[in-house]
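A quick write-up on the structure given underneath.
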Amino acid sequence: MNRAWRVAIILAIVSSRRSESFCSPWSSHLNHIESSKNAVVMGGHSDGCGCGNSTSVNANALVELPNPSVPVHTSRRKFIQYTAATATGLTSVSASPAVAINGADTVSDAKNSLLACPLAPFSTTRTYRNIVLSNGLKVVLVKDSMAQLSSVALSIDGAGQLAEPEEIPGLAHLMEHICLSSTRGRGKSKLLDRKARKFWNNGSTNRMTEEESVSSNSMGGEEDFEDWLTENDGDSNAFTAPGFVCFHFDCPHEILPEGLERFSDLFTLDEVEATITQKPFVIPREIGRVADELDCTSDASRAFYFLKNNINPEHPFARFSAGSKTTLQTVPAEKGIDVASQLLRFFHDHYLSSKATLVVVGRDELSALDRWISPFSNVMSQKVSPNRSLDRPSFPDPMIGKRDASNKMTQAIILRSKDDVTQTENYQTLCMEWPLSLVYGTPNFSTRQNPIISAPALGWILTQIISRRGPGSLHFFLTKFGWAPKGVTKGIPRITFPVDVSGFQVLRMEMSLTLDGFSNRSAVVSAVFESIRKVIEKPLPLDLIKQYLAAGLLHGYLFAPRPPDAITLAVDSLRFGIGSTTGIGSIGNNDFNWYLMPSPEDKESALRIRQLVTDTLHTMSDETVPLVSFRASPKAIFAFSGGIVDQSISTPPVFLPWKVEPVTRARYFVESRASGALSYFRSLSWFAATFDGEELSPPYLNPLIPTRFAPRPVIERQAAWGGSRFFYLEDASAYDEMVRSRRGGSLKLTNVGTWRELQTMRHSKGSNWELWHLPPARKDFIIGLPLPVRPPEPSVECAFVVQLLSSLPSTFASSQIALANLWLLSFDDELDLAELGATAGIAYETSMNTAGLRICFRGASQTLPSYVRRFCRQLVQHHVKLLDGSTKISESVYQRAISDANRSPKISRLQKEQVIDTARQVSEIDVAKQALFFLRCTSGGYLISQGDVLPNESLKLFTDLQYVFRDFGSADGFSVQPDLRDLLYRPFWKPRYASPCLLPGISLISDSCGRIPR
């Protein structure tokens, strides 16, 4: 740094300290909120202490005082710097080269801390190391400073259900059980020592009993791995998928070294051979356990085995891969097949170390984890497998679609089990399944320029197209006709993949139907095909695909509540590889690396996935391809099966033509799809289009989905008075060229950018609104709106709280409580932003409190301010629409108000009865008058902003909201000054399907929502 810069910095520091000593940072609002010394009041009605200038300015004006030595940028987004003094004046802005960071300098001294910068999620809490052992086993070591338990997972490619011999179905599943049944010889002395430690820790002075000593001697010092884990507060399990098998366990950190040693012994060739050949009781015992795992009653199990029963028998997926006593014991004995020999051969041929991945996640250093995995150098089979990486997987034609003798398409009705208590008799399930043939290739050929596009990525985009809500969607018409329930998730099409291996997938779409929908089931199926054909009438816009990729990145990666666990990493490594630029374990601090889906900025991959989505939609639009079935209750089948075009079913299920599925023994009825179903649906659609102006339409662009995913950089400096000052980068081009040093974790600028600080000054009286700006990314900040669990790194998420101030709600009678609740609930019902906002990661909440009406918002900072403006404009106009009759309150809103009153713990029983009586009697006009009365009784408002939002963005929104509520906010006699902390209570976010695991398709891309079944 040259001398001129040093002099400038010294002068700026001296100047700032003089101004700080001239005006105390403790403003007149200190008694209003003691804990908010880092919050900035940027507008208000109080007399604050002016710092730096005594000139009065308008409360909504922004005065810039440019420094000639530093360029001032006038782009749309001006990055303002502001101080943390809690004064009430508005701001003037100055640019100071003293706080600008030269390209050669680093923000790393004790008085500076970087609060926001582009960091990959959980990159500050995790460190990865990739290793290949001498036997070819790939290892991923993860040091996770936030891990509550250590976890280990071992996945083996090619050892799944599709690899088992045709004559012994279930052998792969049995092999999984055999491995976990292996015991470990620890030696008598070590076993006794551990028991002695257990007694000591329990505070017992008694010696081991004679029975325990005899038991230990009879075991020969051997102990089951699962028993050892259970005694040490650990847990283990395994699952066998069509293409692989995965073993996993978790345990306390202190026993991880011993756990790894014991776990490795389960997969040594000697141990497996000893278990199979020297312990004859193990195989029959594990066959019994395999048989006990079969589920014959649940809806999901019946659907799965009905699918298998209708697959081409020559296809390997058609086999009964779960296994039973019949397939693993009775039939092999009749055919003279030695199951023990087949198990050994299966282990030799498919449990190959070269095709396996071990993942270890713990709090210990990577060097320690590296030492502890040494026993795995001798595990599993060392057999060299043929290199088939370039071969295209080959499967026979699955032949799912079914026709009857007259060449009509058929559909099946599956009778639900009376023992399945998870299903209600009033809702039935439509299931449509299509075979796909996506070839993933090998992870070695996956690059950032040519990433693997997997079935979950395809399913996510298909879900956004097919499962969308709102006008023109399939869900809109099915609920309009009363064929689908109006629930949060029940009436929404849900896409899953019951089987997903390279070369063969089954795409399943399920949705709930009402009893009336089941009566018109053929028309519902026709509606599905018609909606898909509507989508492919024109080519899908590339921008639409990019938006879906951006939404997936937001929900599945950037807003993930937890990092991928050991199981997820082990399974994903088989498909996406390890390291490089697109595999697991390659997360960098300055780059996002989400291998599950292509980046929305990758145009080439977006074009590839658009073509794949288009081809899949064409396959789905062919009525001869899918397998169609309905899982229905006896009530639906025998009382509501007949409709306008569908025939009623009167034959009892014990007689023909009812059939029995051989595994679950589920009874099903096959019928021809009604020939007039499509005409019937089109006639209903014509009436909707003619009289209501509603028709099926393709998906449209969502303006609320963000395109910027890196948070804006913020630097915090400690002030002389003990508080903090925050500096925002103004020049966007300088931000784009920032890089993060891998050594020291410090921020560097490759060119000189403009940094601005907000400085307070006195302003004119008359404004009844106040703006509170909370600093971003402050983990030690004790106030703020509670938000969902997110990665610890700074993100693009921000939040706003709009509080309309009024003392009226604290005096509400029971009838007024009911009317106010109906006002807010009817607004929720009419809000057209909810669907767009939920997909974009935006949620809101409205609630009455003793200080008035609180409205909360959370979402991405790029689009949330626009959402807030539109939301508030619609709220102000809602009572007008109720008065003129253009908006009606639906019956469901009244029922919801009654339900809310019954559940509320804050009102007495008498008040509940009065609220319910009022909700049953009032009209739209009564609700509108109460809403208007409340708005007229407001005395001002607060805007509280936090997260990745710049001060000038808060100020712009603050100004716009004052204009939106310009006709209200000046009532006398209703003023209230609440403590800021009292306004930041936990919100109950709406809409409900904006919750992390209720968004359609989220289970396909979110690890915490069950992406990998286990």
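Here's how to read the names in the structure tokens: chain A, B, ... by the order shown, residue numbers from 1 in each chain, ligand numbers from 1 in the order shown.
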Identify, on the basis of only C-alpha atoms, every residue whose closest approach to Leu910 (chain A) does not exceed 12 Å; exclude the query and any residue fewer than 5 positions from it along the same chain; express the result as a PDB file with C-alpha atoms, in the first residue's frame.
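Result file is selection-v2.pdb:
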ATOM      1  CA  ALA A 813     -64.219  -8.472  20.821  1.00  0.00           C
ATOM      2  CA  SER A 814     -64.886 -12.073  19.818  1.00  0.00           C
ATOM      3  CA  SER A 815     -66.858 -11.034  16.740  1.00  0.00           C
ATOM      4  CA  ALA A 901     -60.768 -21.027  16.445  1.00  0.00           C
ATOM      5  CA  ASN A 902     -61.168 -24.532  17.841  1.00  0.00           C
ATOM      6  CA  VAL A 915     -65.992 -16.679  17.252  1.00  0.00           C
ATOM      7  CA  ILE A 916     -67.447 -19.808  15.672  1.00  0.00           C
ATOM      8  CA  ASP A 917     -70.994 -18.420  15.816  1.00  0.00           C
TER       9      ASP A 917
END
Can you tell me which residues surround Thr125 (chain A) at a distance of at most 6 Å, considering only C-alpha atoms, apart from same-chain residues fewer than 2 positions away, and format the answer as a VMD selection string? chain A and resid 122 to 123 144 to 145
Quick one: pick out all strand (DSSP E or B) residues within region 805-888 of chain A from a backbone DSSP run and write them as a list in words. Leu805, Ala843, Tyr844, Glu845, Thr846, Ser847, Met848, Asn849, Gly852, Leu853, Arg854, Ile855, Cys856, Phe857, Arg858, Gly859 and Ala860 of chain A
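Excluding Lys383 (chain A) itself and same-chain residues fewer than 4 positions from it, the residues having an atom within 12 Å of it are Asn135, Gly136, Leu269, Arg345, Phe346, Phe347, His348, Asp349, His350, Tyr351, Leu352, Ser353, Ser354, Lys355 and Val379 of chain A, counting only C-alpha atoms.
Of the listed residues (A:Gln862, A:Ser807, A:Gln895, A:Ser621), A:Gln895 comes nearest to Asn821 (chain A); the distances count only C-alpha atoms.
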Out of A:Gln428, A:Gln962, A:Thr326, A:Ser648, which residue has the shortest atom-to-atom distance to Leu804 (chain A) when counting only C-alpha atoms? A:Gln962
Exercise: region 784-790 of chain A partners within 9 Å, only C-alpha atoms, chain neighbours under 4 positions left out, as a compact mmCIF listing (two decimals) with N, CA, C and O atoms, in the first residue's frame:
# COMPACT_ATOMS: atom_id res chain seq x y z
N PRO A 121 -22.58 -24.08 -0.11
CA PRO A 121 -23.22 -24.48 1.14
C PRO A 121 -22.39 -25.51 1.90
O PRO A 121 -21.91 -26.49 1.32
N LEU A 558 -28.87 -24.76 -2.41
CA LEU A 558 -28.53 -23.54 -1.68
C LEU A 558 -29.31 -23.42 -0.38
O LEU A 558 -28.80 -22.86 0.60
N PHE A 559 -30.56 -23.89 -0.34
CA PHE A 559 -31.38 -23.80 0.86
C PHE A 559 -31.46 -25.13 1.60
O PHE A 559 -32.34 -25.32 2.43
N ALA A 560 -30.57 -26.06 1.31
CA ALA A 560 -30.60 -27.37 1.96
C ALA A 560 -30.39 -27.22 3.46
O ALA A 560 -29.44 -26.55 3.89
N PRO A 561 -31.23 -27.84 4.29
CA PRO A 561 -31.07 -27.69 5.75
C PRO A 561 -29.89 -28.47 6.31
O PRO A 561 -29.47 -28.20 7.44
N ARG A 562 -29.37 -29.42 5.57
CA ARG A 562 -28.22 -30.19 6.05
C ARG A 562 -27.40 -30.64 4.85
O ARG A 562 -27.92 -30.75 3.74
N LEU A 774 -31.41 -4.81 9.70
CA LEU A 774 -30.55 -5.67 10.52
C LEU A 774 -29.37 -6.14 9.68
O LEU A 774 -29.54 -6.53 8.53
N SER A 795 -26.10 -16.49 2.39
CA SER A 795 -26.88 -16.93 1.23
C SER A 795 -27.66 -15.75 0.69
O SER A 795 -27.61 -14.63 1.21
N ALA A 799 -35.33 -11.50 4.53
CA ALA A 799 -36.66 -11.49 5.13
C ALA A 799 -37.09 -10.05 5.38
O ALA A 799 -36.25 -9.17 5.64
N PHE A 800 -38.40 -9.83 5.29
CA PHE A 800 -38.98 -8.53 5.60
C PHE A 800 -40.15 -8.74 6.56
O PHE A 800 -40.89 -9.72 6.46
N VAL A 801 -40.29 -7.80 7.48
CA VAL A 801 -41.44 -7.76 8.38
C VAL A 801 -42.11 -6.41 8.20
O VAL A 801 -41.47 -5.36 8.41
N CYS A 856 -45.08 -11.09 7.38
CA CYS A 856 -43.70 -11.53 7.22
C CYS A 856 -43.48 -12.11 5.84
O CYS A 856 -44.38 -12.73 5.26
N ARG A 858 -40.21 -14.16 3.44
CA ARG A 858 -38.85 -14.67 3.29
C ARG A 858 -38.69 -15.17 1.87
O ARG A 858 -39.65 -15.62 1.24
N ILE A 944 -38.98 -3.98 8.75
CA ILE A 944 -37.76 -4.59 9.28
C ILE A 944 -37.18 -5.48 8.19
O ILE A 944 -37.88 -6.35 7.66
N SER A 945 -35.94 -5.26 7.85
CA SER A 945 -35.30 -6.06 6.81
C SER A 945 -34.07 -6.74 7.38
O SER A 945 -33.38 -6.18 8.23
N GLN A 946 -33.80 -7.95 6.92
CA GLN A 946 -32.62 -8.69 7.38
C GLN A 946 -32.17 -9.63 6.27
O GLN A 946 -32.92 -9.96 5.36
N ARG A 981 -38.33 -6.62 19.53
CA ARG A 981 -38.26 -8.06 19.77
C ARG A 981 -39.64 -8.69 19.82
O ARG A 981 -39.80 -9.86 19.50
N LEU A 983 -42.02 -8.12 17.90
CA LEU A 983 -42.55 -8.28 16.55
C LEU A 983 -41.85 -9.40 15.79
O LEU A 983 -42.23 -9.70 14.66
N LEU A 984 -40.83 -10.01 16.39
CA LEU A 984 -40.03 -10.99 15.68
C LEU A 984 -40.27 -12.40 16.21
O LEU A 984 -39.36 -13.21 16.30
N TYR A 985 -41.52 -12.70 16.57
CA TYR A 985 -41.86 -14.05 17.01
C TYR A 985 -41.90 -14.99 15.81
O TYR A 985 -41.97 -14.55 14.65
N ARG A 986 -41.87 -16.27 16.08
CA ARG A 986 -41.76 -17.27 15.02
C ARG A 986 -43.02 -17.27 14.14
O ARG A 986 -44.13 -17.40 14.65
N PRO A 987 -42.85 -17.15 12.85
CA PRO A 987 -44.01 -17.17 11.95
C PRO A 987 -44.42 -18.59 11.55
O PRO A 987 -43.61 -19.52 11.60
N PRO A 996 -40.45 -26.91 3.35
CA PRO A 996 -39.32 -27.55 2.65
C PRO A 996 -39.64 -28.86 1.95
O PRO A 996 -39.19 -29.08 0.83
Quick one: residues within 8 Å of Arg319 (chain A), only C-alpha atoms, excluding same-chain residues fewer than 6 positions away - as a PyMOL selection string? chain A and resi 166+169+308+313
Take the residues from that selection and write them out as a PDB file, in the first residue's frame, keeping all heavy atoms.
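Saved file result09.pdb follows:
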ATOM      1  N   GLU A 166     -31.195 -65.839 -11.890  1.00  0.00           N
ATOM      2  CA  GLU A 166     -32.630 -65.932 -12.142  1.00  0.00           C
ATOM      3  C   GLU A 166     -33.280 -67.038 -11.330  1.00  0.00           C
ATOM      4  O   GLU A 166     -34.448 -66.930 -10.933  1.00  0.00           O
ATOM      5  CB  GLU A 166     -32.860 -66.163 -13.637  1.00  0.00           C
ATOM      6  CG  GLU A 166     -34.313 -66.205 -14.053  1.00  0.00           C
ATOM      7  CD  GLU A 166     -34.470 -66.385 -15.543  1.00  0.00           C
ATOM      8  OE1 GLU A 166     -33.443 -66.349 -16.254  1.00  0.00           O
ATOM      9  OE2 GLU A 166     -35.611 -66.564 -15.998  1.00  0.00           O
ATOM     10  N   PRO A 169     -34.371 -65.956  -6.806  1.00  0.00           N
ATOM     11  CA  PRO A 169     -34.780 -64.570  -6.545  1.00  0.00           C
ATOM     12  C   PRO A 169     -34.611 -64.221  -5.068  1.00  0.00           C
ATOM     13  O   PRO A 169     -34.974 -64.999  -4.180  1.00  0.00           O
ATOM     14  CB  PRO A 169     -36.255 -64.562  -6.948  1.00  0.00           C
ATOM     15  CG  PRO A 169     -36.440 -65.747  -7.836  1.00  0.00           C
ATOM     16  CD  PRO A 169     -35.470 -66.770  -7.348  1.00  0.00           C
ATOM     17  N   LYS A 308     -44.468 -54.999 -10.996  1.00  0.00           N
ATOM     18  CA  LYS A 308     -43.620 -56.145 -11.332  1.00  0.00           C
ATOM     19  C   LYS A 308     -44.422 -57.241 -12.028  1.00  0.00           C
ATOM     20  O   LYS A 308     -43.932 -57.893 -12.965  1.00  0.00           O
ATOM     21  CB  LYS A 308     -42.973 -56.705 -10.064  1.00  0.00           C
ATOM     22  CG  LYS A 308     -41.733 -55.965  -9.594  1.00  0.00           C
ATOM     23  CD  LYS A 308     -41.190 -56.596  -8.324  1.00  0.00           C
ATOM     24  CE  LYS A 308     -39.780 -56.091  -8.036  1.00  0.00           C
ATOM     25  NZ  LYS A 308     -38.771 -56.656  -8.938  1.00  0.00           N
ATOM     26  N   PRO A 313     -42.066 -60.834 -18.358  1.00  0.00           N
ATOM     27  CA  PRO A 313     -41.397 -61.814 -17.483  1.00  0.00           C
ATOM     28  C   PRO A 313     -39.916 -62.020 -17.813  1.00  0.00           C
ATOM     29  O   PRO A 313     -39.153 -62.466 -16.951  1.00  0.00           O
ATOM     30  CB  PRO A 313     -42.203 -63.106 -17.718  1.00  0.00           C
ATOM     31  CG  PRO A 313     -43.524 -62.640 -18.217  1.00  0.00           C
ATOM     32  CD  PRO A 313     -43.261 -61.394 -19.003  1.00  0.00           C
TER      33      PRO A 313
END
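Residue nearest Val893 (chain A) within the list A:Ala291, A:Thr616, A:Leu825, A:Glu953: A:Leu825 [criterion: smallest interatomic distance, only C-alpha atoms].
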Residue nearest Leu369 (chain A) among A:Glu716, A:Glu273, A:Glu261, A:Asp948 (counting only C-alpha atoms): A:Glu261
Å distance separating CA of Leu553 (chain A) from CA of Pro699 (chain A), one decimal place: 19.4 Å
